[in-house]
Amino acid sequence: MASKSLKNLTAPLSGNNPVIVQILGICSALAVTVQLKPAIVMGLSVMVVTAFSNLVMSLLRNGVPSRIRIIVQLVVIAALVILVDQVLKAFVYDVSKQLSVYVGLIITNCIVMGRVEAFALQNKPWDSFLDGIGNGLGYASILVIIAFFRELLGSGTLFGFRIIPESWYLAEGGFYSNCGLMLFPPMALIIVGCIIWAHRSFNKDLQEK
Amino acid sequence: MKVNTNSNTYIIIYSVIMVVIVAVLLAVAALGLAPRQQENMLNEKKTQIVKALGEDPATVAYDSVITKAVILDQTGAVVSEDVSEVFAALNDLKGSFAANRFPLFVATSGVVAPLYGAGLWGPIWGYIALDTDMNTVKGIVLDHSGETPGLGAEITTPKHQAMYVGKSVYENDQLVGITLKKGGAEKGNPHQVDAITGGTKTSDGVSAMISDCLNYYKPYFDAARAAATAEVEAESNTLNE
(Lines give C-alpha, C1' and ligand atoms only; values in the text may rest on other atoms or scores of the structure.)
Protein backbone atom coordinates (compact mmCIF):
# COMPACT_ATOMS: atom_id res chain seq x y z
CA MET A 1 0.00 0.00 0.00
CA ALA A 2 1.37 3.36 -0.95
CA SER A 3 2.14 5.61 1.98
CA LYS A 4 -0.24 8.26 0.64
CA SER A 5 -3.14 5.79 0.61
CA LEU A 6 -2.22 4.62 4.08
CA LYS A 7 -2.38 8.18 5.30
CA ASN A 8 -6.07 8.30 4.29
CA LEU A 9 -6.64 5.45 6.68
CA THR A 10 -4.60 6.68 9.64
CA ALA A 11 -5.18 10.44 9.60
CA PRO A 12 -8.82 10.23 10.80
CA LEU A 13 -7.80 8.09 13.77
CA SER A 14 -6.18 11.01 15.56
CA GLY A 15 -4.97 14.15 13.75
CA ASN A 16 -8.12 14.50 11.64
CA ASN A 17 -10.56 12.57 13.84
CA PRO A 18 -14.15 13.14 12.70
CA VAL A 19 -15.59 13.51 16.21
CA ILE A 20 -12.97 15.39 18.20
CA VAL A 21 -11.31 17.40 15.41
CA GLN A 22 -13.95 17.81 12.69
CA ILE A 23 -16.68 17.81 15.40
CA LEU A 24 -19.04 15.68 13.29
CA GLY A 25 -21.44 12.97 14.43
CA ILE A 26 -21.81 14.37 17.94
CA CYS A 27 -25.54 13.61 18.19
CA SER A 28 -25.20 9.86 17.80
CA ALA A 29 -22.12 9.92 20.05
CA LEU A 30 -24.43 11.17 22.79
CA ALA A 31 -27.22 8.73 22.07
CA VAL A 32 -25.68 5.27 21.85
CA THR A 33 -22.85 5.47 24.36
CA VAL A 34 -24.66 4.44 27.57
CA GLN A 35 -23.24 0.94 27.13
CA LEU A 36 -20.19 -0.44 25.32
CA LYS A 37 -21.87 -3.06 23.17
CA PRO A 38 -24.27 -0.81 21.21
CA ALA A 39 -21.48 1.79 20.90
CA ILE A 40 -19.21 -0.74 19.19
CA VAL A 41 -21.94 -1.98 16.89
CA MET A 42 -22.92 1.57 16.00
CA GLY A 43 -19.27 2.41 15.30
CA LEU A 44 -18.85 -0.62 13.03
CA SER A 45 -22.12 0.06 11.21
CA VAL A 46 -21.10 3.65 10.55
CA MET A 47 -17.69 2.42 9.35
CA VAL A 48 -19.30 0.06 6.83
CA VAL A 49 -21.62 2.79 5.60
CA THR A 50 -18.92 5.50 5.29
CA ALA A 51 -16.58 3.08 3.53
CA PHE A 52 -19.09 1.88 0.97
CA SER A 53 -20.84 5.20 0.40
CA ASN A 54 -17.40 6.72 -0.22
CA LEU A 55 -16.56 3.86 -2.60
CA VAL A 56 -19.82 4.04 -4.53
CA MET A 57 -19.84 7.84 -4.78
CA SER A 58 -16.21 7.86 -5.86
CA LEU A 59 -17.00 5.36 -8.64
CA LEU A 60 -19.94 7.49 -9.72
CA ARG A 61 -18.17 10.82 -9.29
CA ASN A 62 -17.59 11.54 -12.97
CA GLY A 63 -21.16 10.76 -14.01
CA VAL A 64 -23.06 12.42 -11.20
CA PRO A 65 -24.81 15.59 -12.39
CA SER A 66 -23.47 18.21 -9.99
CA ARG A 67 -26.90 19.87 -9.72
CA ILE A 68 -28.43 16.81 -8.05
CA ARG A 69 -25.32 15.43 -6.41
CA ILE A 70 -26.64 15.88 -2.84
CA ILE A 71 -29.78 13.90 -3.74
CA VAL A 72 -27.70 11.15 -5.32
CA GLN A 73 -25.53 11.02 -2.18
CA LEU A 74 -28.62 10.74 -0.01
CA VAL A 75 -30.07 7.90 -2.06
CA VAL A 76 -26.80 5.96 -1.98
CA ILE A 77 -26.32 6.47 1.77
CA ALA A 78 -29.96 5.74 2.63
CA ALA A 79 -29.91 2.52 0.58
CA LEU A 80 -26.72 1.36 2.33
CA VAL A 81 -28.14 2.16 5.77
CA ILE A 82 -31.35 0.25 5.07
CA LEU A 83 -29.22 -2.71 3.96
CA VAL A 84 -27.17 -2.57 7.18
CA ASP A 85 -30.39 -2.34 9.22
CA GLN A 86 -31.93 -5.36 7.46
CA VAL A 87 -28.77 -7.42 7.93
CA LEU A 88 -28.56 -6.52 11.63
CA LYS A 89 -32.22 -7.49 12.08
CA ALA A 90 -31.62 -10.82 10.42
CA PHE A 91 -28.34 -11.82 12.07
CA VAL A 92 -27.90 -9.93 15.37
CA TYR A 93 -31.48 -9.28 16.39
CA ASP A 94 -30.91 -8.30 20.03
CA VAL A 95 -28.27 -5.76 19.05
CA SER A 96 -30.53 -4.26 16.41
CA LYS A 97 -33.26 -3.98 19.04
CA GLN A 98 -30.93 -2.04 21.31
CA LEU A 99 -29.88 0.30 18.53
CA SER A 100 -33.51 0.70 17.40
CA VAL A 101 -33.87 4.11 15.79
CA TYR A 102 -30.18 4.96 15.79
CA VAL A 103 -29.44 2.71 12.84
CA GLY A 104 -31.85 4.78 10.78
CA LEU A 105 -30.10 7.85 12.11
CA ILE A 106 -26.83 6.80 10.45
CA ILE A 107 -28.40 8.35 7.34
CA THR A 108 -28.32 11.73 9.01
CA ASN A 109 -24.85 11.18 10.52
CA CYS A 110 -22.90 14.14 9.24
CA ILE A 111 -19.68 12.11 8.98
CA VAL A 112 -21.09 10.00 6.15
CA MET A 113 -22.21 12.86 3.95
CA GLY A 114 -19.33 15.06 5.07
CA ARG A 115 -16.75 12.54 3.83
CA VAL A 116 -18.59 11.89 0.57
CA GLU A 117 -18.85 15.59 -0.18
CA ALA A 118 -15.35 16.52 1.02
CA PHE A 119 -13.35 13.50 -0.10
CA ALA A 120 -15.01 10.86 -2.28
CA LEU A 121 -16.17 13.29 -5.01
CA GLN A 122 -12.56 14.39 -5.64
CA ASN A 123 -10.62 11.15 -5.09
CA LYS A 124 -10.10 7.69 -6.54
CA PRO A 125 -12.26 4.78 -5.29
CA TRP A 126 -9.53 2.97 -3.31
CA ASP A 127 -8.42 6.15 -1.49
CA SER A 128 -12.04 7.02 -0.78
CA PHE A 129 -12.73 3.56 0.58
CA LEU A 130 -9.77 3.83 2.95
CA ASP A 131 -10.83 7.32 3.98
CA GLY A 132 -14.28 5.91 4.81
CA ILE A 133 -12.82 3.06 6.88
CA GLY A 134 -10.48 5.47 8.66
CA ASN A 135 -13.24 7.93 9.52
CA GLY A 136 -15.52 5.12 10.66
CA LEU A 137 -12.77 3.77 12.90
CA GLY A 138 -12.00 7.24 14.23
CA TYR A 139 -15.67 7.68 15.08
CA ALA A 140 -15.92 4.20 16.62
CA SER A 141 -12.82 4.74 18.78
CA ILE A 142 -14.26 7.90 20.34
CA LEU A 143 -17.62 6.15 20.90
CA VAL A 144 -15.84 3.30 22.69
CA ILE A 145 -13.91 5.68 24.95
CA ILE A 146 -17.10 7.57 25.90
CA ALA A 147 -19.10 4.36 26.39
CA PHE A 148 -16.32 2.89 28.57
CA PHE A 149 -16.57 5.74 31.08
CA ARG A 150 -20.36 6.02 30.91
CA GLU A 151 -21.02 2.33 31.45
CA LEU A 152 -18.33 1.92 34.13
CA LEU A 153 -19.28 4.98 36.17
CA GLY A 154 -23.00 5.00 35.36
CA SER A 155 -23.88 1.33 35.76
CA GLY A 156 -20.75 -0.22 37.31
CA THR A 157 -20.52 -2.73 34.45
CA LEU A 158 -18.56 -3.26 31.22
CA PHE A 159 -20.22 -5.18 28.36
CA GLY A 160 -22.94 -5.94 30.92
CA PHE A 161 -20.51 -7.69 33.29
CA ARG A 162 -20.31 -6.29 36.82
CA ILE A 163 -16.99 -4.57 37.48
CA ILE A 164 -17.78 -2.67 40.66
CA PRO A 165 -18.65 -5.30 43.30
CA GLU A 166 -22.28 -5.48 44.42
CA SER A 167 -21.16 -5.25 48.08
CA TRP A 168 -19.75 -1.74 47.61
CA TYR A 169 -23.18 -0.27 46.98
CA LEU A 170 -25.11 1.73 49.60
CA ALA A 171 -28.10 -0.59 49.24
CA GLU A 172 -25.90 -3.51 50.27
CA GLY A 173 -24.35 -1.57 53.15
CA GLY A 174 -21.36 -0.24 51.20
CA PHE A 175 -20.20 3.28 50.44
CA TYR A 176 -20.62 3.57 46.67
CA SER A 177 -23.41 4.61 44.35
CA ASN A 178 -23.51 4.91 40.56
CA CYS A 179 -23.29 8.33 38.97
CA GLY A 180 -26.80 8.70 37.53
CA LEU A 181 -25.75 11.71 35.47
CA MET A 182 -23.49 9.43 33.39
CA LEU A 183 -26.62 7.81 31.94
CA PHE A 184 -27.82 11.09 30.47
CA PRO A 185 -26.64 12.61 27.17
CA PRO A 186 -25.16 15.82 28.65
CA MET A 187 -22.47 13.76 30.39
CA ALA A 188 -21.42 12.33 27.03
CA LEU A 189 -20.91 15.88 25.80
CA ILE A 190 -18.75 16.65 28.84
CA ILE A 191 -16.67 13.51 28.20
CA VAL A 192 -16.26 14.53 24.54
CA GLY A 193 -15.03 17.89 25.82
CA CYS A 194 -12.51 16.20 28.11
CA ILE A 195 -11.25 13.98 25.27
CA ILE A 196 -10.82 17.03 23.02
CA TRP A 197 -8.94 18.79 25.83
CA ALA A 198 -6.59 15.85 26.39
CA HIS A 199 -6.14 15.31 22.64
CA ARG A 200 -5.26 18.95 21.94
CA SER A 201 -2.83 19.20 24.81
CA PHE A 202 -0.85 16.37 23.17
CA ASN A 203 -1.27 17.69 19.62
CA LYS A 204 -0.11 21.29 19.89
CA ASP A 205 -0.58 21.93 16.16
CA LEU A 206 -4.36 21.58 16.60
CA GLN A 207 -4.56 24.38 19.14
CA GLU A 208 -6.06 27.60 17.82
CA LYS A 209 -3.95 30.67 18.42
CA MET B 1 -18.52 11.73 -27.14
CA LYS B 2 -18.61 14.18 -24.27
CA VAL B 3 -21.89 13.95 -22.36
CA ASN B 4 -23.22 17.12 -20.80
CA THR B 5 -23.90 15.93 -17.26
CA ASN B 6 -25.83 19.08 -16.45
CA SER B 7 -28.49 18.84 -19.18
CA ASN B 8 -32.06 18.21 -18.02
CA THR B 9 -32.43 15.04 -20.10
CA TYR B 10 -29.30 13.55 -18.58
CA ILE B 11 -30.40 14.42 -15.04
CA ILE B 12 -33.85 12.89 -15.53
CA ILE B 13 -32.54 9.67 -17.09
CA TYR B 14 -29.84 9.46 -14.41
CA SER B 15 -32.33 9.80 -11.56
CA VAL B 16 -34.77 7.28 -13.03
CA ILE B 17 -32.09 4.62 -13.53
CA MET B 18 -30.65 5.26 -10.08
CA VAL B 19 -34.02 4.94 -8.35
CA VAL B 20 -34.90 1.73 -10.21
CA ILE B 21 -31.56 0.09 -9.34
CA VAL B 22 -31.82 1.06 -5.67
CA ALA B 23 -35.46 -0.07 -5.45
CA VAL B 24 -34.68 -3.50 -6.91
CA LEU B 25 -31.67 -3.90 -4.62
CA LEU B 26 -33.62 -3.07 -1.48
CA ALA B 27 -36.61 -5.20 -2.45
CA VAL B 28 -34.37 -8.22 -3.02
CA ALA B 29 -32.63 -7.69 0.32
CA ALA B 30 -35.90 -7.25 2.21
CA LEU B 31 -37.48 -10.34 0.67
CA GLY B 32 -34.37 -12.46 1.08
CA LEU B 33 -33.85 -11.62 4.74
CA ALA B 34 -37.53 -11.59 5.79
CA PRO B 35 -37.77 -15.27 6.86
CA ARG B 36 -34.75 -14.93 9.15
CA GLN B 37 -36.11 -11.71 10.66
CA GLN B 38 -39.54 -13.28 11.29
CA GLU B 39 -37.86 -16.22 12.94
CA ASN B 40 -35.83 -13.90 15.18
CA MET B 41 -38.96 -12.05 16.27
CA LEU B 42 -40.80 -15.29 17.00
CA ASN B 43 -37.85 -16.66 18.98
CA GLU B 44 -37.64 -13.48 21.00
CA LYS B 45 -41.31 -13.80 22.00
CA LYS B 46 -40.84 -17.45 22.96
CA THR B 47 -37.74 -16.56 24.99
CA GLN B 48 -39.66 -13.89 26.89
CA ILE B 49 -42.55 -16.27 27.61
CA VAL B 50 -40.16 -18.88 29.01
CA LYS B 51 -38.41 -16.16 31.03
CA ALA B 52 -41.73 -14.96 32.47
CA LEU B 53 -42.31 -18.46 33.84
CA GLY B 54 -39.09 -18.09 35.79
CA GLU B 55 -37.17 -20.57 33.65
CA ASP B 56 -33.84 -19.95 31.93
CA PRO B 57 -34.50 -19.74 28.15
CA ALA B 58 -30.94 -20.93 27.48
CA THR B 59 -31.67 -24.37 28.92
CA VAL B 60 -35.47 -24.68 28.81
CA ALA B 61 -37.16 -24.87 25.42
CA TYR B 62 -40.47 -23.12 24.80
CA ASP B 63 -42.11 -26.34 23.61
CA SER B 64 -41.20 -28.19 26.80
CA VAL B 65 -43.02 -25.77 29.12
CA ILE B 66 -45.93 -24.42 27.07
CA THR B 67 -48.60 -27.04 26.43
CA LYS B 68 -50.89 -24.89 24.32
CA ALA B 69 -51.42 -21.36 23.05
CA VAL B 70 -54.99 -20.09 22.81
CA ILE B 71 -56.98 -16.99 21.98
CA LEU B 72 -59.81 -16.19 24.40
CA ASP B 73 -62.81 -13.93 23.91
CA GLN B 74 -64.27 -11.55 26.54
CA THR B 75 -66.17 -14.39 28.24
CA GLY B 76 -63.02 -16.45 28.69
CA ALA B 77 -64.04 -18.99 26.05
CA VAL B 78 -61.38 -20.35 23.70
CA VAL B 79 -61.90 -19.09 20.15
CA SER B 80 -58.70 -20.38 18.58
CA GLU B 81 -55.95 -22.85 19.38
CA ASP B 82 -53.88 -22.13 16.30
CA VAL B 83 -50.33 -21.31 17.40
CA SER B 84 -49.53 -19.11 14.40
CA GLU B 85 -52.75 -17.16 14.95
CA VAL B 86 -51.81 -16.59 18.61
CA PHE B 87 -48.38 -15.23 17.68
CA ALA B 88 -49.95 -13.09 14.95
CA ALA B 89 -52.24 -11.61 17.63
CA LEU B 90 -49.14 -10.74 19.70
CA ASN B 91 -47.75 -8.68 16.83
CA ASP B 92 -50.62 -6.21 17.22
CA LEU B 93 -51.56 -6.71 20.85
CA LYS B 94 -53.33 -3.37 21.16
CA GLY B 95 -55.56 -4.17 18.17
CA SER B 96 -56.19 -7.73 19.38
CA PHE B 97 -57.25 -6.50 22.83
CA ALA B 98 -59.57 -3.94 21.21
CA ALA B 99 -61.11 -6.71 19.07
CA ASN B 100 -61.71 -8.85 22.18
CA ARG B 101 -59.12 -11.40 21.19
CA PHE B 102 -56.91 -12.23 24.15
CA PRO B 103 -53.90 -14.50 23.52
CA LEU B 104 -52.88 -16.74 26.43
CA PHE B 105 -50.18 -19.36 26.87
CA VAL B 106 -51.01 -22.36 29.00
CA ALA B 107 -48.01 -24.02 30.63
CA THR B 108 -47.70 -27.14 32.74
CA SER B 109 -47.06 -24.90 35.74
CA GLY B 110 -49.45 -22.02 35.09
CA VAL B 111 -50.40 -19.48 32.44
CA VAL B 112 -48.59 -16.63 30.69
CA ALA B 113 -50.51 -13.53 29.61
CA PRO B 114 -49.08 -10.76 27.43
CA LEU B 115 -49.15 -7.17 28.69
CA TYR B 116 -49.37 -3.92 26.76
CA GLY B 117 -49.61 -0.38 28.13
CA ALA B 118 -48.24 3.14 28.12
CA GLY B 119 -45.10 4.32 29.92
CA LEU B 120 -43.92 7.90 30.12
CA TRP B 121 -42.45 8.30 26.63
CA GLY B 122 -43.92 5.43 24.68
CA PRO B 123 -45.43 1.97 24.83
CA ILE B 124 -44.40 -0.60 27.41
CA TRP B 125 -45.12 -4.31 27.15
CA GLY B 126 -44.22 -7.66 28.60
CA TYR B 127 -45.50 -11.00 29.85
CA ILE B 128 -46.81 -12.02 33.26
CA ALA B 129 -46.89 -15.65 34.41
CA LEU B 130 -49.38 -16.85 37.04
CA ASP B 131 -49.24 -20.12 38.91
CA THR B 132 -51.95 -22.77 38.44
CA ASP B 133 -53.98 -21.08 41.19
CA MET B 134 -54.33 -18.09 38.77
CA ASN B 135 -53.25 -15.88 41.66
CA THR B 136 -49.57 -16.19 42.54
CA VAL B 137 -47.15 -14.40 40.20
CA LYS B 138 -44.50 -16.82 38.93
CA GLY B 139 -42.59 -14.12 37.11
CA ILE B 140 -42.77 -11.10 34.85
CA VAL B 141 -40.89 -9.77 31.87
CA LEU B 142 -41.13 -6.06 31.06
CA ASP B 143 -39.83 -4.15 28.08
CA HIS B 144 -40.15 -0.63 26.71
CA SER B 145 -39.30 1.40 23.67
CA GLY B 146 -38.15 4.74 25.05
CA GLU B 147 -38.20 5.07 28.83
CA THR B 148 -35.37 7.08 30.41
CA PRO B 149 -32.22 4.97 30.92
CA GLY B 150 -31.42 4.59 34.61
CA LEU B 151 -34.93 5.72 35.63
CA GLY B 152 -38.04 4.35 33.91
CA ALA B 153 -35.97 1.89 31.90
CA GLU B 154 -35.06 0.13 35.17
CA ILE B 155 -38.27 -1.90 34.74
CA THR B 156 -36.31 -4.16 32.40
CA THR B 157 -33.70 -5.10 35.03
CA PRO B 158 -33.82 -8.58 36.62
CA LYS B 159 -33.59 -6.86 40.02
CA HIS B 160 -36.88 -5.03 39.48
CA GLN B 161 -38.65 -7.98 37.89
CA ALA B 162 -37.63 -10.31 40.73
CA MET B 163 -39.77 -8.28 43.15
CA TYR B 164 -43.00 -9.49 41.52
CA VAL B 165 -42.33 -13.17 42.12
CA GLY B 166 -44.62 -14.62 44.80
CA LYS B 167 -46.98 -11.63 44.86
CA SER B 168 -50.69 -12.31 44.34
CA VAL B 169 -53.10 -10.56 41.99
CA TYR B 170 -56.42 -11.52 43.64
CA GLU B 171 -57.78 -9.96 46.84
CA ASN B 172 -60.52 -12.50 47.70
CA ASP B 173 -62.58 -12.38 44.48
CA GLN B 174 -61.34 -9.00 43.30
CA LEU B 175 -58.64 -8.97 40.64
CA VAL B 176 -56.47 -6.10 41.91
CA GLY B 177 -53.23 -6.77 40.04
CA ILE B 178 -49.88 -5.47 41.31
CA THR B 179 -49.27 -1.84 42.23
CA LEU B 180 -45.86 -0.20 42.10
CA LYS B 181 -45.91 1.81 45.31
CA LYS B 182 -44.02 5.11 45.40
CA GLY B 183 -41.80 5.27 48.48
CA GLY B 184 -41.63 1.48 48.77
CA ALA B 185 -44.14 -1.35 49.10
CA GLU B 186 -45.94 -1.74 52.43
CA LYS B 187 -44.49 -4.62 54.41
CA GLY B 188 -46.50 -7.80 53.97
CA ASN B 189 -48.82 -6.40 51.30
CA PRO B 190 -49.01 -9.11 48.63
CA HIS B 191 -50.26 -6.74 45.92
CA GLN B 192 -47.48 -4.17 46.02
CA VAL B 193 -43.88 -3.87 44.87
CA ASP B 194 -41.46 -0.90 45.14
CA ALA B 195 -41.91 1.76 42.48
CA ILE B 196 -38.83 2.98 40.63
CA THR B 197 -37.17 6.01 42.18
CA GLY B 198 -37.40 8.83 39.65
CA GLY B 199 -39.59 6.71 37.40
CA THR B 200 -42.98 7.37 38.92
CA LYS B 201 -44.84 7.84 35.63
CA THR B 202 -43.39 4.65 34.19
CA SER B 203 -44.21 2.82 37.44
CA ASP B 204 -47.81 4.06 37.30
CA GLY B 205 -47.95 2.88 33.68
CA VAL B 206 -46.79 -0.60 34.70
CA SER B 207 -49.38 -0.78 37.51
CA ALA B 208 -52.18 0.27 35.14
CA MET B 209 -50.95 -2.12 32.43
CA ILE B 210 -50.93 -5.14 34.78
CA SER B 211 -54.40 -4.45 36.15
CA ASP B 212 -55.92 -3.57 32.73
CA CYS B 213 -54.49 -6.56 30.91
CA LEU B 214 -55.18 -9.12 33.64
CA ASN B 215 -58.80 -7.94 33.80
CA TYR B 216 -59.23 -8.95 30.15
CA TYR B 217 -58.54 -12.52 31.29
CA LYS B 218 -60.65 -12.32 34.48
CA PRO B 219 -63.49 -14.55 33.21
CA TYR B 220 -60.96 -17.25 32.31
CA PHE B 221 -59.12 -16.93 35.64
CA ASP B 222 -62.41 -16.93 37.60
CA ALA B 223 -63.57 -20.07 35.80
CA ALA B 224 -60.24 -21.79 36.48
CA ARG B 225 -60.35 -20.76 40.14
CA ALA B 226 -63.99 -21.93 40.49
CA ALA B 227 -63.10 -25.25 38.89
CA ALA B 228 -60.17 -25.68 41.28
CA THR B 229 -62.37 -24.89 44.30
CA ALA B 230 -65.12 -27.25 43.06
CA GLU B 231 -62.53 -29.98 42.69
CA VAL B 232 -61.31 -29.49 46.25
CA GLU B 233 -64.91 -29.53 47.52
CA ALA B 234 -65.77 -32.62 45.52
CA GLU B 235 -62.70 -34.30 46.97
CA SER B 236 -63.67 -33.42 50.55
CA ASN B 237 -67.24 -34.61 49.83
CA THR B 238 -66.02 -38.00 48.70
CA LEU B 239 -63.88 -38.17 51.81
CA ASN B 240 -66.87 -37.35 54.00
CA GLU B 241 -69.10 -40.01 52.49
# chains A, B, ... in the order shown; residues from 1 in each chain; ligands from 1
>>> interface_residues(of="chain A", to="chain B", cutoff="10 Å", atoms="only C-alpha atoms", output="count of residues only")
39
>>> closest_atom_pairs(of="range 171-230 of chain B", to="range 66-73 of chain B", cutoff="9 Å", atoms="only C-alpha atoms", output="CSV")
residue,atom,partner,partner_atom,distance
B:Tyr216,CA,B:Asp73,CA,8.8
B:Tyr217,CA,B:Leu72,CA,7.9
B:Tyr220,CA,B:Leu72,CA,8.1
>>> closest_residue(among="B:Leu31, B:Ile21, B:Val193, B:Gln74", to="Ala99 in chain B", atoms="only C-alpha atoms")
B:Gln74
